[in-house]
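A.B. asks: One structure coming up, written as structure tokens, with questions to follow.
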Amino acid sequence: MYNMELNNYLMTIIIEDLTYSIDNLGYSELRNAPKKEKGKIIDMGEEMSIPVLVCGIIGVIIGAIVSVSDYSDVDGFFIKIFSSIIALIVGGLIGGVIGAIVGAIIGYFSYKNEVEKEDERINKKYAQECARYEKDKQADNARIALELKQKKILIQQRKDIINRKKEATKKLNSFYQTMGIDFQYRNLVPIGYMNEFIRLGIADKLGGTDGLYYLIRQELRADQMQHSLEEISYKLDSIINNQHQLYNAVYDMNSKCDNLIQNTLKSIEMSAKTNQYLNTAVSNTAITAYNTERIKQELKFQNFMYWYNN
């Protein structure tokens, strides 16, 4: 009974670990599709201002020189000075306007070139990101397809373990009844302590002040005796004294569960990659091998109980 309680505990945590693995398979890990960035804003006025200013200044200078030179042969000092000043102003204005127009044309083409370069940079970056995204998407889809195959096998494996545990629990309850164990003591923790007391020769009967029931009551609180197998898994250190044999046995079952799960996951991954039939894939796992061995062991226990009862 102690052996069966331990293995029922093992099946309980196997079911929990399988459920965790199932719940984490078949989901996309792909990031969001890339979006084309807006790019930096290129100010047309900023691009045109320098060419307009430079060309305008050059135009003023050239226009002034040309205009003044046209009045260099005028007679009379004051008339020459007055005419030169007028020519300087008029020529500067005309030259400045022409220079500004030339500068605006140069500035516009400079602005257009900067815009085209920025668009080219953005489009190139966007194309590279889209190519990477498509590559990642194909890899992610392939992974999801493989994981969904694994998930299907794991679900069947979990279903088999749940059914196996139900059968084992039913047999265990019949063994408890055959041996006349009180309902309050039909649990891994009290049965583990009973096993230890019997092994050490401390007690060999159930009732009385020197019997197993009494001794267990001295060792355990009522709540410790009633913890479910799931609770034992979560609260091992607070439920069982870490110096007790039962603590080590449960700890070993945890390690055994880890090994069974790891080996089963590797086997199932290989089965999914090779597209094995569902039943074939499940039959080749470490957990199924464990199940087969447990059925043989429980049959021996059943035969013993039949012999004991008759």
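Order determines the names: the first chain of the structure tokens is A, the second B, and so forth; residues in each chain are numbered 1 upward, and ligands are numbered 1 upward as they are shown.
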So that I can see what lies close to segment 153-166 of chain A, please list as a VMD selection string the residues with an atom at most 9 Å from it, counting only C-alpha atoms and leaving out residues fewer than 4 positions away in the same chain.
C.D. replies: chain A and resid 7 to 8 11 to 12 14 to 15 18 to 19 21 to 22 148 to 149 170 to 171 264 to 265 268 271 to 272 278 to 279 281 to 283 285 287 to 288 291 295
A.B. asks: Per residue of segment 169-206 of chain A within 12 Å of segment 237-246 of chain A, what are the shortest atom pair and its distance in Å to one decimal, counting only C-alpha atoms, with rows by chain and residue number, as a tab-separated table?
C.D. replies:
residue	atom	partner	partner_atom	distance
A:Leu188	CA	A:Leu246	CA	8.9
A:Val189	CA	A:Leu246	CA	7.6
A:Pro190	CA	A:Leu246	CA	9.8
A:Ile191	CA	A:Leu246	CA	9.4
A:Gly192	CA	A:Leu246	CA	5.7
A:Tyr193	CA	A:Leu246	CA	7.2
A:Met194	CA	A:Leu246	CA	10.2
A:Asn195	CA	A:Leu246	CA	9.1
A:Glu196	CA	A:Gln245	CA	7.3
A:Phe197	CA	A:Gln245	CA	10.7
A:Arg199	CA	A:Gln245	CA	10.9
A:Leu200	CA	A:Gln245	CA	11.4
A.B. asks: Atom CA of Glu129 of chain A to atom CA of Leu146 of chain A: how many Å, to one decimal?
C.D. replies: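 Computing it gives 25.6 Å between the two atoms.
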A.B. asks: Measuring between only C-alpha atoms, which one of A:Gly201, A:Met4, A:Tyr251, A:Tyr185 shows the shortest distance to Asp223 of chain A?
C.D. replies: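 Checking each of A:Gly201, A:Met4, A:Tyr251, A:Tyr185 against Asp223 of chain A, counting only C-alpha atoms, the winner is A:Tyr185.
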A.B. asks: Can you pull out every residue within 12 Å of Ser255 of chain A, counting only C-alpha atoms, but drop anything in the same chain fewer than 5 positions away, and send it as a list in words?
C.D. replies: Leu10, Ile13, Ile14, Ser233, Asn248, Ala249, Val250, Leu260, Ile261 and Gln262 of chain A
A.B. asks: Please produce an output containing N, CA, C and O atoms for each residue in the selection, written as a PDB file, in the first residue's frame.
C.D. replies:
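And here is the file that came out, again_39.pdb:
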ATOM      1  N   LEU A  10       3.533   9.830  -7.613  1.00  0.00           N
ATOM      2  CA  LEU A  10       4.337  10.032  -8.815  1.00  0.00           C
ATOM      3  C   LEU A  10       3.448  10.333 -10.019  1.00  0.00           C
ATOM      4  O   LEU A  10       3.712  11.261 -10.794  1.00  0.00           O
ATOM      5  N   ILE A  13       2.090  13.999  -9.921  1.00  0.00           N
ATOM      6  CA  ILE A  13       2.988  15.079 -10.361  1.00  0.00           C
ATOM      7  C   ILE A  13       3.351  14.930 -11.838  1.00  0.00           C
ATOM      8  O   ILE A  13       3.646  15.933 -12.503  1.00  0.00           O
ATOM      9  N   ILE A  14       3.324  13.702 -12.357  1.00  0.00           N
ATOM     10  CA  ILE A  14       3.517  13.520 -13.798  1.00  0.00           C
ATOM     11  C   ILE A  14       2.387  14.208 -14.560  1.00  0.00           C
ATOM     12  O   ILE A  14       2.618  14.900 -15.556  1.00  0.00           O
ATOM     13  N   SER A 233       2.973  17.643  -2.815  1.00  0.00           N
ATOM     14  CA  SER A 233       3.936  18.100  -3.810  1.00  0.00           C
ATOM     15  C   SER A 233       4.339  19.545  -3.567  1.00  0.00           C
ATOM     16  O   SER A 233       5.508  19.906  -3.685  1.00  0.00           O
ATOM     17  N   ASN A 248      12.498  11.464   2.093  1.00  0.00           N
ATOM     18  CA  ASN A 248      13.465  11.062   1.066  1.00  0.00           C
ATOM     19  C   ASN A 248      12.788  10.301  -0.071  1.00  0.00           C
ATOM     20  O   ASN A 248      13.149  10.457  -1.237  1.00  0.00           O
ATOM     21  N   ALA A 249      11.797   9.469   0.288  1.00  0.00           N
ATOM     22  CA  ALA A 249      11.090   8.701  -0.731  1.00  0.00           C
ATOM     23  C   ALA A 249      10.314   9.626  -1.672  1.00  0.00           C
ATOM     24  O   ALA A 249      10.325   9.444  -2.896  1.00  0.00           O
ATOM     25  N   VAL A 250       9.641  10.627  -1.099  1.00  0.00           N
ATOM     26  CA  VAL A 250       8.891  11.587  -1.926  1.00  0.00           C
ATOM     27  C   VAL A 250       9.852  12.419  -2.765  1.00  0.00           C
ATOM     28  O   VAL A 250       9.596  12.694  -3.947  1.00  0.00           O
ATOM     29  N   LEU A 260      11.482  11.056 -15.978  1.00  0.00           N
ATOM     30  CA  LEU A 260      10.451  10.493 -16.859  1.00  0.00           C
ATOM     31  C   LEU A 260       9.915  11.542 -17.833  1.00  0.00           C
ATOM     32  O   LEU A 260       9.734  11.266 -19.025  1.00  0.00           O
ATOM     33  N   ILE A 261       9.678  12.739 -17.326  1.00  0.00           N
ATOM     34  CA  ILE A 261       9.156  13.820 -18.171  1.00  0.00           C
ATOM     35  C   ILE A 261      10.172  14.215 -19.233  1.00  0.00           C
ATOM     36  O   ILE A 261       9.838  14.348 -20.429  1.00  0.00           O
ATOM     37  N   GLN A 262      11.430  14.400 -18.837  1.00  0.00           N
ATOM     38  CA  GLN A 262      12.465  14.801 -19.796  1.00  0.00           C
ATOM     39  C   GLN A 262      12.637  13.754 -20.895  1.00  0.00           C
ATOM     40  O   GLN A 262      12.680  14.095 -22.095  1.00  0.00           O
TER      41      GLN A 262
END
A.B. asks: I want to know what sits within 12 Å of segment 304-306 of chain A, based on only C-alpha atoms, with residues of the same chain fewer than 5 positions away left out; could you give that as a ChimeraX atom specification?
C.D. replies: /A:1,171-179,297-299
A.B. asks: Include all heavy atoms and write out the residues we just selected as a short mmCIF file (atom, residue, chain, number, x, y, z; two decimals), in the first residue's frame.
C.D. replies:
data_model
loop_
_atom_site.label_atom_id
_atom_site.label_comp_id
_atom_site.auth_asym_id
_atom_site.auth_seq_id
_atom_site.Cartn_x
_atom_site.Cartn_y
_atom_site.Cartn_z
N MET A 1 0.83 -1.21 0.00
CA MET A 1 0.00 0.00 0.00
C MET A 1 0.86 1.26 0.00
O MET A 1 0.55 2.25 -0.68
CB MET A 1 -0.94 -0.02 1.20
CG MET A 1 -2.06 -1.06 1.05
SD MET A 1 -3.19 -1.12 2.45
CE MET A 1 -2.14 -1.88 3.69
N LYS A 171 -7.71 -0.04 -7.02
CA LYS A 171 -7.08 -1.23 -6.43
C LYS A 171 -6.58 -0.93 -5.02
O LYS A 171 -6.75 -1.75 -4.11
CB LYS A 171 -5.90 -1.68 -7.30
CG LYS A 171 -6.30 -2.34 -8.59
CD LYS A 171 -5.07 -2.79 -9.38
CE LYS A 171 -5.47 -3.45 -10.69
NZ LYS A 171 -4.30 -3.86 -11.49
N LEU A 172 -5.99 0.23 -4.85
CA LEU A 172 -5.45 0.59 -3.54
C LEU A 172 -6.57 0.65 -2.50
O LEU A 172 -6.40 0.17 -1.37
CB LEU A 172 -4.73 1.94 -3.63
CG LEU A 172 -4.15 2.49 -2.32
CD1 LEU A 172 -3.16 1.51 -1.71
CD2 LEU A 172 -3.49 3.85 -2.56
N ASN A 173 -7.70 1.21 -2.86
CA ASN A 173 -8.82 1.27 -1.92
C ASN A 173 -9.31 -0.13 -1.54
O ASN A 173 -9.68 -0.38 -0.38
CB ASN A 173 -9.97 2.07 -2.54
CG ASN A 173 -9.68 3.55 -2.57
OD1 ASN A 173 -8.91 4.07 -1.76
ND2 ASN A 173 -10.29 4.26 -3.51
N SER A 174 -9.28 -1.04 -2.51
CA SER A 174 -9.67 -2.43 -2.19
C SER A 174 -8.65 -3.07 -1.27
O SER A 174 -9.00 -3.86 -0.38
CB SER A 174 -9.83 -3.24 -3.47
OG SER A 174 -8.58 -3.47 -4.09
N PHE A 175 -7.36 -2.73 -1.44
CA PHE A 175 -6.32 -3.27 -0.56
C PHE A 175 -6.49 -2.72 0.86
O PHE A 175 -6.34 -3.45 1.85
CB PHE A 175 -4.93 -2.90 -1.08
CG PHE A 175 -4.58 -3.51 -2.41
CD1 PHE A 175 -3.50 -3.03 -3.15
CD2 PHE A 175 -5.33 -4.56 -2.94
CE1 PHE A 175 -3.17 -3.59 -4.35
CE2 PHE A 175 -4.99 -5.13 -4.17
CZ PHE A 175 -3.92 -4.63 -4.88
N TYR A 176 -6.80 -1.42 0.96
CA TYR A 176 -7.05 -0.82 2.27
C TYR A 176 -8.20 -1.53 2.96
O TYR A 176 -8.14 -1.83 4.17
CB TYR A 176 -7.40 0.67 2.11
CG TYR A 176 -6.23 1.61 2.02
CD1 TYR A 176 -6.18 2.61 1.04
CD2 TYR A 176 -5.17 1.53 2.93
CE1 TYR A 176 -5.11 3.48 0.95
CE2 TYR A 176 -4.10 2.40 2.86
CZ TYR A 176 -4.07 3.38 1.87
OH TYR A 176 -3.01 4.24 1.81
N GLN A 177 -9.23 -1.82 2.21
CA GLN A 177 -10.40 -2.48 2.79
C GLN A 177 -10.05 -3.89 3.24
O GLN A 177 -10.47 -4.34 4.31
CB GLN A 177 -11.53 -2.51 1.75
CG GLN A 177 -12.85 -3.02 2.31
CD GLN A 177 -13.99 -2.85 1.33
OE1 GLN A 177 -13.83 -2.24 0.28
NE2 GLN A 177 -15.15 -3.39 1.66
N THR A 178 -9.26 -4.58 2.40
CA THR A 178 -8.86 -5.95 2.76
C THR A 178 -8.05 -5.95 4.05
O THR A 178 -8.23 -6.83 4.91
CB THR A 178 -8.02 -6.56 1.62
OG1 THR A 178 -8.83 -6.62 0.44
CG2 THR A 178 -7.54 -7.96 1.98
N MET A 179 -7.17 -4.98 4.21
CA MET A 179 -6.30 -4.93 5.39
C MET A 179 -6.98 -4.26 6.58
O MET A 179 -6.41 -4.24 7.68
CB MET A 179 -5.01 -4.17 5.05
CG MET A 179 -4.20 -4.82 3.96
SD MET A 179 -3.73 -6.54 4.33
CE MET A 179 -2.68 -6.32 5.74
N GLN A 297 3.56 -4.89 -11.37
CA GLN A 297 3.78 -4.84 -9.92
C GLN A 297 2.45 -4.89 -9.17
O GLN A 297 2.32 -5.59 -8.16
CB GLN A 297 4.53 -3.54 -9.57
CG GLN A 297 4.99 -3.44 -8.13
CD GLN A 297 6.06 -4.47 -7.79
OE1 GLN A 297 6.94 -4.75 -8.60
NE2 GLN A 297 5.99 -5.02 -6.59
N GLU A 298 1.46 -4.15 -9.66
CA GLU A 298 0.17 -4.13 -8.98
C GLU A 298 -0.55 -5.48 -9.10
O GLU A 298 -1.32 -5.85 -8.20
CB GLU A 298 -0.69 -3.01 -9.58
CG GLU A 298 -0.22 -1.63 -9.16
CD GLU A 298 -0.92 -0.51 -9.91
OE1 GLU A 298 -1.98 -0.81 -10.53
OE2 GLU A 298 -0.43 0.63 -9.90
N LEU A 299 -0.28 -6.20 -10.17
CA LEU A 299 -0.85 -7.54 -10.30
C LEU A 299 -0.29 -8.46 -9.22
O LEU A 299 -1.02 -9.28 -8.64
CB LEU A 299 -0.57 -8.10 -11.70
CG LEU A 299 -1.15 -9.48 -12.00
CD1 LEU A 299 -2.67 -9.47 -11.86
CD2 LEU A 299 -0.73 -9.95 -13.39
#
A.B. asks: Please compute the atom CA of Lys135 of chain A-atom CA of Met270 of chain A distance, one decimal, in Å.
C.D. replies: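 The value is 23.8 Å.
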A.B. asks: Which residue is closest to Arg221 of chain A? Choose from A:Gln184, A:Asn275, A:Arg31, A:Tyr308 and count only C-alpha atoms.
C.D. replies: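 For Arg221 of chain A, the nearest of the candidates is A:Gln184.
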